[in-house]
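Everything below concerns the one structure shown next.
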4 protein chains.
Amino acid sequence: MLFFMNDYGQACHPRILEALAKECQNSYDGYGTDPKCEEAANTIRELIGKPDAHVHFMVGGTPTNVVTIAHLLKPYEGVIAAKTGHIYRHETGAVEASGHRVIIKETADGKLTVDMIDGLVKEFEDEHTVKPKMVYLSDTTELGTIYKKAELKAISDYCHSHGLYLYLDGARLGAALTCPSNDLSIKDIANMVDAFYIGGTKNGTLIGEALVFINTELDDEIRFTIKQNNNLLAKGFIIGIQFQELLKGGENSLWLELARKENEMAKKLNDGLVAKGYDFVAPSDTNQIYPIITLKQHEELSKKVLYEPFRAVGDDKISVRFCTGYYTTDEDIEQLLAML
Amino acid sequence: MLFFMNDYGQACHPRILEALAKECQNSYDGYGTDPKCEEAANTIRELIGKPDAHVHFMVGGTPTNVVTIAHLLKPYEGVIAAKTGHIYRHETGAVEASGHRVIIKETADGKLTVDMIDGLVKEFEDEHTVKPKMVYLSDTTELGTIYKKAELKAISDYCHSHGLYLYLDGARLGAALTCPSNDLSIKDIANMVDAFYIGGTKNGTLIGEALVFINTELDDEIRFTIKQNNNLLAKGFIIGIQFQELLKGGENSLWLELARKENEMAKKLNDGLVAKGYDFVAPSDTNQIYPIITLKQHEELSKKVLYEPFRAVGDDKISVRFCTGYYTTDEDIEQLLAML
Amino acid sequence: MLFFMNDYGQACHPRILEALAKECQNSYDGYGTDPKCEEAANTIRELIGKPDAHVHFMVGGTPTNVVTIAHLLKPYEGVIAAKTGHIYRHETGAVEASGHRVIIKETADGKLTVDMIDGLVKEFEDEHTVKPKMVYLSDTTELGTIYKKAELKAISDYCHSHGLYLYLDGARLGAALTCPSNDLSIKDIANMVDAFYIGGTKNGTLIGEALVFINTELDDEIRFTIKQNNNLLAKGFIIGIQFQELLKGGENSLWLELARKENEMAKKLNDGLVAKGYDFVAPSDTNQIYPIITLKQHEELSKKVLYEPFRAVGDDKISVRFCTGYYTTDEDIEQLLAML
Amino acid sequence: MLFFMNDYGQACHPRILEALAKECQNSYDGYGTDPKCEEAANTIRELIGKPDAHVHFMVGGTPTNVVTIAHLLKPYEGVIAAKTGHIYRHETGAVEASGHRVIIKETADGKLTVDMIDGLVKEFEDEHTVKPKMVYLSDTTELGTIYKKAELKAISDYCHSHGLYLYLDGARLGAALTCPSNDLSIKDIANMVDAFYIGGTKNGTLIGEALVFINTELDDEIRFTIKQNNNLLAKGFIIGIQFQELLKGGENSLWLELARKENEMAKKLNDGLVAKGYDFVAPSDTNQIYPIITLKQHEELSKKVLYEPFRAVGDDKISVRFCTGYYTTDEDIEQLLAML
């Protein structure tokens, strides 16, 4: 089977395992209170230009979202998200299980706008209604689209003038920052949000995400929330070791190198599909693309290729997601294009 | 101030207080395990033609909804509702606080259709998504509209062929059953739903709603859930006493008498507004009507009349809710019409 | 059947119904934002000598406890209580359902001491353990015992020097304040706690408890929590009306009059039992007493008298609770004593 | 610093990393639905002699406990545990955060007995009280003690005749099964419990625990609960790969080899301390021992050795935990003994 299912299909990049192997016989204190996590946190602080930022290493994306939301919101406060947002669509109601509403807006391309947010904010009435208190964005979005600098700035300004926290899910932040149409730097993001995370799982590590608080008034005692939500990993240092290997080296980091590779592979596939006349759900130059194929094609293709169906388009078509990883090869792309 | 704010603006109908006064010096066991609750439950069983139905007397509408949803759903299951549904719009996220998602659909008139429900059901994928397991309807809806027999039947059939529970919020069931356009009987409802409630608070009692389970496989041990959700009233018998007074007498019950009165008053107001050329959010012949007025009118009117704004209509208009109670008088209607 | 089951066996004192009847045809705004609640709140502020206290009228005792705890504690914080405390023993885990641990201590007489609290506080370690943040007391306790002024003062001092909130459950505060051994005034209590409530349900009202915040930094936005926890009663004004009737008149209030009556009846019963040589679980001069009888006596007595078993004492005895109400008569006492 | 802090102080045994390295460039489907997890599950089924058992690979111990409890219990049901049990003492109220009470008993040695369980079960009254529905045991316990076959059998019989689920936390099951005083086999355990888990984190893996359901009526749809509780790891196959390496080989498995090593090191330390006349909190022949030292010794020792304080013993002593890992050396033991 060809593998276009996701960008977390292989254990990890070999350099990550090598970094772990080097440390395998050193003993560290548990739960992230160790020099390896501190070293990686310092690398992040430098990368984002925020020497006072707080960094918490988490196991995966869903708990990073849940912990942040649960820690920042009061029980009657809710978080605004696109309907395609991961916290609404693919976390089995984990946010609601922690007691909070995800307040959604349907979008064409997975991106929120100030107008959409403002519309939801205006639905708030009084103590009978959930109080919107946070905006959740993903960059890249779950549809592979990205936020432009001006768009994120406008949302940031809106949030901060309306008492809303702004949180950015960076599960695929590497792909966003390295795609051709991007004009945002990670320092821009750090200047605009209250908190965000840099994804490892979808960018070459075994496990792990780095949750970063710029607004350090918000994460007081968050380690209690992390532990209570099942994410204070006993061997926290193994995430620190991986992130240090992933992020060191600035523009030449493994993180950006792998992300660029993922985007390049997706672009080849995208260009090939455009040449063949396929339409897409939304334009993407990152590592997730959503072409529209016929149901008949889907039936055949799914016997030979692992990928995700997205949603029905009319009666006889379907949009599907092809997702490239750092491990996707030119041959993979050629074989897939040959089938379409 | 004229009072068109709601249908729970006065303590209760005098007959309710008299019934309580008669029992005031008798001692009863607590928490609803008393002969007065049993008597009222029997009256309900007879009324709905279901001698085996289970009846639980609750304090208010919000807890009745929350308890039913919390008791029937597993943590990862959700409940489908119209976006205007009480559980989404006016319960401060109480359903989410119990851990469950309210899966919403925007509607023009506050009513769900089979197509809408089916669309939401089809968004379910697998263990990464919330599993829709219940449909929540209100009759009357929060916009004053009602379900016709054929509509409710279609939804009931869909639910039962798709493994969904059907639950009907009857906070204003009296108004629904007694309005001119209604073709549903309470026995029809009892034949179509798994559970529903008959509202007392908005129909003349001090407090209290009667939660009825037709599908008695679903409410095993529900008294634990009622207690845990703060609704096992110590003096449960005072709700039983009120409901017996409210519901006894069949077609001539105080319940239906008061509901008819509410509807009649609203019809007068509605007819007057139609005659003056006002538009409405949705057609209603029950005790809540939603005319559209100008913002300027709203500014003036709100100084003299208590009522609820609903939502902006374009830049210079607003829809508002006028709600009549059993205590609304002809003079009230005339005075209000004179101001518009 | 003789009734010694509880102090909420009758609907309400006739004066309460009369007060409601007088207001029955006046319309008020909903959810406690009305002049009747304001009037009753002012009566309470005067009674406790705290003109700036915040008062929230609640439906019942369990939700009052749950709302206060849920509003004040962060998700990883817990509340310290005696194992016999209502929040641990008789609320079906409602506090845990809101996400918080009740941290318990076994006690002989239902009372916490500074040493007990300190022992539990010292079990706290770090982010792997629940953080104790509140102390829950009841006065009277669930065993009918009371806190002396010096005891409450010591606990209050401990709490405030250790960053713990102090909350007092006053479901039976009337009985506590009017019993012979009491040396606390309600003003003393208001000076020592962050919040407490004055119980209505067990003191003559149909429903209702008055939750009072002395530390008014703590209840910001609590109406959201009250609504979310199913306790923002639509007809909130009916609780205000009842509390005004209950509390007006200072030392001659209906509240204290009924409480004194309850205590007097219990004392007669207690004295009679002492004269007959019975032992008790704990000494009480309030309206709940816990004598120890044989299992054989219990078997016979429970056929003729409604009361609550408490717990086994050795193999052949049992402690039981006799609870008097404002409606208990001399004849009731004499008949019960005659059976023992 | 000497390291006696815990048994998860090093990333993993080198063989685990080698197994991952071999698979590093193969692509697998996500979330544990892959052939590597299936292979490891089969190894477990064979090991425990239960070909139909269900196996779920989890990230860590706390989420394994929380998921199992949350999935099996209704909202008003609770789980019985020793006060020293991990779910009570070291999970920051994660069980309560999922809505359930941990019903505790103080114990001298960390072990529950049938009498203790029965005492807690008898405290249950009715819908006003939390319903005990599960018993949580750990083997080894958090104090290093173990259950003998007859003890576990008695608890199992009690649970199954009283409608209680029996769940065993095997975070350190390897240490329990390989210690000199053990008479239980893993097949015995599988015959006595409804579910248990085999710990990897504390036995040589990077991450991961294997949750096993013997009673396969109980884990229907549990993958929803795992995802909702943040534990459906994207790269689930990396846990499968590790467990296959850990468990293959029967009596000669890496799992048992490492556990034996841990126990041997602890025994050396224990014997040395006994020879020096130290007392212990409870007798242990597994890899956690709890000697009692003076506060003065503790002050000095904690400057040179990493270990955990447990609790005060009188005014001038303290019990501490020394925990050995597979990486503890003879020199470590000798150096530690030399300091005491």
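How things are named: the first chain in the structure tokens is A, the next is B, and so on; residues count from 1 in each chain; ligands count from 1 in the order shown.
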Closest atom pairs, chain A residues within 9 Å of chain C, only C-alpha atoms, as CSV:
```
residue,atom,partner,partner_atom,distance
A:Ala70,CA,C:Pro75,CA,8.3
A:His71,CA,C:Pro75,CA,8.2
A:Lys74,CA,C:Lys74,CA,8.5
A:Pro75,CA,C:Thr225,CA,7.5
A:Tyr76,CA,C:Phe224,CA,6.4
A:Ser98,CA,C:Gly99,CA,9.0
A:Gly99,CA,C:Ser98,CA,9.0
A:Asp126,CA,C:Phe224,CA,8.2
A:Glu127,CA,C:Phe224,CA,4.6
A:His128,CA,C:Lys227,CA,6.5
A:Thr129,CA,C:Phe224,CA,8.0
A:Val130,CA,C:Phe224,CA,8.3
A:Lys131,CA,C:Phe224,CA,8.9
A:Glu221,CA,C:Glu127,CA,7.9
A:Ile222,CA,C:Glu127,CA,8.8
A:Arg223,CA,C:Glu127,CA,6.0
A:Phe224,CA,C:Glu127,CA,4.6
A:Thr225,CA,C:Tyr76,CA,6.7
A:Ile226,CA,C:Glu127,CA,8.8
A:Lys227,CA,C:His128,CA,6.5
A:Gln228,CA,C:Tyr76,CA,7.0
```
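In the backbone-derived DSSP annotation, strand (DSSP E or B) within stretch 179-214 of chain A comprises Ala195, Phe196, Tyr197, Ile198, Gly199, Glu209, Ala210, Leu211, Val212 and Phe213 of chain A.
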Contacts of C:Asp169 within 10 Å, only C-alpha atoms, excl. fewer than 6 positions in-chain, as a ChimeraX atom specification: /C:61-62,64-65,85-87,136-141,195-199,211
Residues as selected, N, CA, C and O atoms, written as a compact mmCIF listing (two decimals), in the first residue's frame, can you do that?
```
# COMPACT_ATOMS: atom_id res chain seq x y z
N GLY C 61 -29.68 22.64 49.70
CA GLY C 61 -28.38 22.59 50.36
C GLY C 61 -27.29 21.98 49.50
O GLY C 61 -26.18 22.52 49.42
N THR C 62 -27.58 20.84 48.87
CA THR C 62 -26.56 20.21 48.05
C THR C 62 -26.05 21.16 46.96
O THR C 62 -24.85 21.36 46.82
N THR C 64 -26.09 24.33 46.88
CA THR C 64 -25.38 25.46 47.49
C THR C 64 -23.93 25.06 47.77
O THR C 64 -22.99 25.80 47.46
N ASN C 65 -23.76 23.87 48.31
CA ASN C 65 -22.40 23.38 48.56
C ASN C 65 -21.63 23.20 47.25
O ASN C 65 -20.48 23.63 47.12
N GLY C 85 -19.47 14.65 56.97
CA GLY C 85 -19.94 15.88 56.33
C GLY C 85 -20.90 15.59 55.18
O GLY C 85 -20.73 14.61 54.45
N HIS C 86 -21.90 16.45 55.04
CA HIS C 86 -22.93 16.22 54.02
C HIS C 86 -22.33 16.07 52.63
O HIS C 86 -22.75 15.22 51.85
N ILE C 87 -21.33 16.89 52.32
CA ILE C 87 -20.74 16.83 50.98
C ILE C 87 -20.06 15.49 50.71
O ILE C 87 -19.93 15.08 49.57
N TYR C 136 -14.57 22.77 54.75
CA TYR C 136 -16.03 22.72 54.84
C TYR C 136 -16.43 22.28 56.24
O TYR C 136 -16.02 21.22 56.70
N LEU C 137 -17.19 23.13 56.91
CA LEU C 137 -17.75 22.79 58.22
C LEU C 137 -19.26 22.84 58.13
O LEU C 137 -19.81 23.58 57.30
N SER C 138 -19.94 22.12 58.99
CA SER C 138 -21.39 22.29 59.14
C SER C 138 -21.66 22.66 60.59
O SER C 138 -21.05 22.10 61.50
N ASP C 139 -22.61 23.55 60.78
CA ASP C 139 -23.01 23.95 62.13
C ASP C 139 -24.54 24.15 62.12
O ASP C 139 -25.02 25.08 61.48
N THR C 140 -25.31 23.27 62.77
CA THR C 140 -24.89 22.09 63.46
C THR C 140 -24.24 21.12 62.49
O THR C 140 -24.51 21.19 61.30
N THR C 141 -23.41 20.23 63.05
CA THR C 141 -22.89 19.16 62.21
C THR C 141 -24.01 18.18 61.90
O THR C 141 -25.12 18.26 62.45
N ALA C 195 -17.49 32.34 53.44
CA ALA C 195 -18.86 32.21 52.95
C ALA C 195 -19.59 31.22 53.83
O ALA C 195 -18.98 30.35 54.45
N PHE C 196 -20.90 31.35 53.90
CA PHE C 196 -21.72 30.39 54.65
C PHE C 196 -23.13 30.46 54.09
O PHE C 196 -23.44 31.33 53.29
N TYR C 197 -23.95 29.52 54.50
CA TYR C 197 -25.36 29.68 54.09
C TYR C 197 -26.32 29.48 55.25
O TYR C 197 -25.99 28.78 56.22
N ILE C 198 -27.44 30.16 55.17
CA ILE C 198 -28.51 30.05 56.16
C ILE C 198 -29.57 29.16 55.54
O ILE C 198 -30.15 29.49 54.50
N GLY C 199 -29.83 28.03 56.19
CA GLY C 199 -30.76 27.06 55.62
C GLY C 199 -32.22 27.43 55.83
O GLY C 199 -32.61 27.84 56.93
N LEU C 211 -27.20 31.82 50.40
CA LEU C 211 -25.74 31.71 50.36
C LEU C 211 -25.15 33.10 50.50
O LEU C 211 -25.48 34.01 49.74
```
